[in-house]
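The structure appears below as structure tokens.
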Amino acid sequence: MDTLLQILARVAAAAVACAAAGAQAEDACPAALGQATRLVLVETADMSSIAARLRRFERSATGQPWREIGRAKPAVVGKSGLGWGWTFAKDAGSGEPMKHEGDLRAPAGFYSLGRPFGLIPAGFAGYLTLQPEESFCVADAGSPHYGAIVSRAVAGKAVAGEEMWRVALYKRGLVVDYPPNRAGNAGSCVFIHIWRSPASGTAGCVALAEAGVKELQTWAKLGTAVIGILPKAAFDRFAACLPGVLAPR
């Protein structure tokens, strides 16, 4: 009987340990993945590459494996490639750069997808129509509105930023909810938008053909979608958080 009790005790202890390990692993995953049921994964060859591949995934509920949908699409990232977003500093490999304002790097890491936007009205939930003097993205770390889209009047005339209504490539787009870090001057105004060409990098965004952006606007339901931007070498660092997602080729 003592032997049976000992076996049962060991089994119970192992179950508790496994549960704790699973919870710890889940806690270690990027927060943006927690409640997401739609994933956009943007992969580059390395931190310096402009060319990228964009894949889409869905899952039936949080905690379930991801399932790839549709075909991969070509995309581009920043003119200087990628830099790790400041909330992913611990995930950066040796020699891999961090993202800073004006460095022409898209932020590597995982982030919620925010509002769809564009230059003409559309019926998407939460859609932002870019209006003259009303759609100014603040890129000045000295401003309390750093990283936000506000009116020019609210931002102030002397504040640096982007007059989004003047950018033809913003005919269609989605906001990437990259968290502002004024003290670190860690980058701002990150979007998915239409590319200039398959060989032209961005100022720090993700870009693809207009049809692909339109598809994302339709598919990435507000509050359910997350974007992951990674060099291939970093995939294994997050593999446990991406069940069902095959490593990039």
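Residue names in the structure tokens use chain letters A, B, ... in the order shown, residue numbers from 1 in each chain, and ligand numbers from 1 in the order shown.
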
**Prompt:** Quick one: residues within 6 Å of stretch 228-245 of chain A, only C-alpha atoms counted, chain neighbours fewer than 3 positions away excluded, as a list in words?
**Reply:** Cys29, Leu41, Val42, Glu43, Thr44, Ala45, Asp46, Met47, Pro65, Trp66, Ala108, Gly109 and Phe110 of chain A

Would you mind exporting N, CA and C atoms of the selected residues as an mmCIF file, in the first residue's frame?
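Once written, selection11.cif looks like this:
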```
data_model
loop_
_atom_site.group_PDB
_atom_site.id
_atom_site.type_symbol
_atom_site.label_atom_id
_atom_site.label_comp_id
_atom_site.auth_asym_id
_atom_site.auth_seq_id
_atom_site.Cartn_x
_atom_site.Cartn_y
_atom_site.Cartn_z
ATOM 1 N N CYS A 29 5.174 34.185 -22.776
ATOM 2 C CA CYS A 29 4.870 34.541 -24.159
ATOM 3 C C CYS A 29 4.486 36.018 -24.254
ATOM 4 N N LEU A 41 2.102 37.166 -39.454
ATOM 5 C CA LEU A 41 3.510 36.916 -39.172
ATOM 6 C C LEU A 41 4.349 37.421 -40.342
ATOM 7 N N VAL A 42 5.220 38.381 -40.054
ATOM 8 C CA VAL A 42 6.088 38.991 -41.064
ATOM 9 C C VAL A 42 7.511 38.524 -40.789
ATOM 10 N N GLU A 43 8.118 37.850 -41.757
ATOM 11 C CA GLU A 43 9.428 37.214 -41.562
ATOM 12 C C GLU A 43 10.442 37.785 -42.555
ATOM 13 N N THR A 44 11.627 38.109 -42.050
ATOM 14 C CA THR A 44 12.719 38.560 -42.908
ATOM 15 C C THR A 44 13.886 37.585 -42.804
ATOM 16 N N ALA A 45 14.800 37.666 -43.759
ATOM 17 C CA ALA A 45 15.959 36.775 -43.739
ATOM 18 C C ALA A 45 16.862 37.073 -42.549
ATOM 19 N N ASP A 46 16.987 38.359 -42.208
ATOM 20 C CA ASP A 46 17.822 38.762 -41.074
ATOM 21 C C ASP A 46 17.411 40.173 -40.661
ATOM 22 N N MET A 47 18.124 40.739 -39.694
ATOM 23 C CA MET A 47 17.755 42.042 -39.151
ATOM 24 C C MET A 47 17.996 43.186 -40.146
ATOM 25 N N PRO A 65 -4.041 25.554 -31.202
ATOM 26 C CA PRO A 65 -2.989 25.722 -32.215
ATOM 27 C C PRO A 65 -3.424 26.690 -33.313
ATOM 28 N N TRP A 66 -2.451 27.334 -33.909
ATOM 29 C CA TRP A 66 -2.707 28.215 -35.033
ATOM 30 C C TRP A 66 -2.813 27.420 -36.327
ATOM 31 N N ALA A 108 10.850 44.750 -34.430
ATOM 32 C CA ALA A 108 10.689 43.312 -34.253
ATOM 33 C C ALA A 108 9.964 43.051 -32.936
ATOM 34 N N GLY A 109 9.133 42.011 -32.930
ATOM 35 C CA GLY A 109 8.356 41.677 -31.741
ATOM 36 C C GLY A 109 6.912 41.387 -32.121
ATOM 37 N N PHE A 110 6.053 41.308 -31.120
ATOM 38 C CA PHE A 110 4.627 41.018 -31.324
ATOM 39 C C PHE A 110 3.803 42.173 -30.764
#
```

**Item:** Exercise: A:Ser197 partners within 12 Å, only C-alpha atoms, chain neighbours under 2 positions left out, as a ChimeraX atom specification
**Value:** /A:50-51,74-77,169,193-195,199-202,207-210

**Prompt:** So which residues touch stretch 36-38 of chain A within 7 Å, counting only C-alpha atoms, skipping near sequence neighbours fewer than 4 positions away, as number ranges by chain?
**Reply:** A: 32, 57-62, 220, 224-226

Preceding selection exported with C-alpha atoms as a PDB file, in the first residue's frame:
```pdb
ATOM      1  CA  ALA A  32      -0.247  40.556 -27.354  1.00  0.00           C
ATOM      2  CA  PHE A  57      -3.000  32.401 -39.176  1.00  0.00           C
ATOM      3  CA  GLU A  58      -6.215  31.807 -37.262  1.00  0.00           C
ATOM      4  CA  ARG A  59      -7.182  29.752 -34.219  1.00  0.00           C
ATOM      5  CA  SER A  60     -10.600  28.842 -32.888  1.00  0.00           C
ATOM      6  CA  ALA A  61      -9.857  30.046 -29.366  1.00  0.00           C
ATOM      7  CA  THR A  62      -6.974  31.177 -27.211  1.00  0.00           C
ATOM      8  CA  ALA A 220      -8.040  41.528 -39.039  1.00  0.00           C
ATOM      9  CA  THR A 224      -8.604  40.008 -32.181  1.00  0.00           C
ATOM     10  CA  ALA A 225      -5.469  40.367 -34.322  1.00  0.00           C
ATOM     11  CA  VAL A 226      -1.757  40.586 -33.578  1.00  0.00           C
TER      12      VAL A 226
END
```

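Relative to atom CA of A:Ala106, atom CA of A:Ser188 is found at 9.9 Å.
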
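Distances here use only C-alpha atoms; by that measure, the residue among A:Leu54, A:Leu222, A:Ile69, A:Ala160 closest to A:His145 is A:Ala160.
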
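Shell of A:Val175 at 7 Å, with only C-alpha atoms counted and residues fewer than 5 places along the chain excluded, is Leu113, Gly114, Arg115, Pro116, Val190, Phe191 and Ile192 of chain A.
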
Those residues with C-alpha atoms, as a PDB file, in the first residue's frame please?
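Writing done, so here's selection00.pdb:
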```pdb
ATOM      1  CA  LEU A 113      -3.160  45.401 -34.603  1.00  0.00           C
ATOM      2  CA  GLY A 114      -5.154  48.572 -34.142  1.00  0.00           C
ATOM      3  CA  ARG A 115      -7.554  50.591 -36.242  1.00  0.00           C
ATOM      4  CA  PRO A 116      -7.790  50.317 -40.016  1.00  0.00           C
ATOM      5  CA  VAL A 190       4.191  52.192 -37.031  1.00  0.00           C
ATOM      6  CA  PHE A 191       1.681  51.032 -39.629  1.00  0.00           C
ATOM      7  CA  ILE A 192       0.868  48.433 -42.240  1.00  0.00           C
TER       8      ILE A 192
END
```

**Top pick for closest residue to A:Gly102, considering A:Glu133, A:Glu68, A:Glu215, A:Asp140 and counting only C-alpha atoms** = A:Asp140

**Item:** Members of stretch 70-169 of chain A assigned helix (DSSP H, G or I) by DSSP, as a PyMOL selection string
**Value:** chain A and resi 86-91+152-155+164-166+168-169

Writing out the chosen residues with C-alpha atoms as an mmCIF file, in the first residue's frame:
```
data_model
loop_
_atom_site.group_PDB
_atom_site.id
_atom_site.type_symbol
_atom_site.label_atom_id
_atom_site.label_comp_id
_atom_site.auth_asym_id
_atom_site.auth_seq_id
_atom_site.Cartn_x
_atom_site.Cartn_y
_atom_site.Cartn_z
ATOM 1 C CA TRP A 86 11.864 48.227 -26.542
ATOM 2 C CA THR A 87 9.478 45.774 -24.844
ATOM 3 C CA PHE A 88 11.435 42.903 -26.439
ATOM 4 C CA ALA A 89 14.915 43.933 -25.329
ATOM 5 C CA LYS A 90 15.354 40.638 -23.465
ATOM 6 C CA ASP A 91 14.668 38.701 -26.686
ATOM 7 C CA ARG A 152 -2.407 69.229 -35.678
ATOM 8 C CA ALA A 153 -3.880 71.745 -33.277
ATOM 9 C CA VAL A 154 -3.638 69.333 -30.341
ATOM 10 C CA ALA A 155 -0.093 68.307 -31.240
ATOM 11 C CA MET A 164 -0.919 61.338 -42.662
ATOM 12 C CA TRP A 165 -3.538 62.833 -44.982
ATOM 13 C CA ARG A 166 -0.732 63.854 -47.361
ATOM 14 C CA ALA A 168 -0.573 58.557 -50.850
ATOM 15 C CA LEU A 169 0.644 55.184 -49.553
#
```

**Asked** Running DSSP on the backbone, which parts of stretch 72-137 of chain A land in strand (DSSP E), as a list in words?
**Response**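 Taking stretch 72-137 of chain A and keeping strand (DSSP E) only, one gets Ala72, Lys73, Pro74, Ala75, Val76, Leu82, Gly83, Trp84, Ala106, Pro107, Ala108, Gly109, Phe110, Tyr111, Ser112, Leu113, Gly114, Arg115, Pro116, Phe117, Gly118, Leu128, Thr129, Phe136 and Cys137 of chain A.
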
**Request:** Would you please work out which residue, of A:Ala92, A:Leu39, A:Met98, A:Leu33, is nearest to A:Gly63 when using only C-alpha atoms?
**Result:**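 Among A:Ala92, A:Leu39, A:Met98, A:Leu33, it is A:Leu33 that comes nearest to A:Gly63.
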
**Item:** Nearest candidate to A:Val176 (options A:Gly70, A:Glu162, A:Pro107, A:Gln35; using only C-alpha atoms)
**Value:**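 Among the listed residues, A:Pro107 lies closest to A:Val176.
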
**Item:** From A:Val167, A:Leu119, A:Leu128, A:Ala183, residue lying nearest A:Pro144 [only C-alpha atoms]
**Value:**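 Answer, going by the shortest atom-to-atom distance: A:Ala183.
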
**Request:** Compare A:Lys73, A:Lys79, A:Arg67, A:Arg105 by their minimum atom-to-atom distance to A:Arg53, counting only C-alpha atoms, and give me the closest one.
**Result:**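 Closest candidate: A:Lys73.
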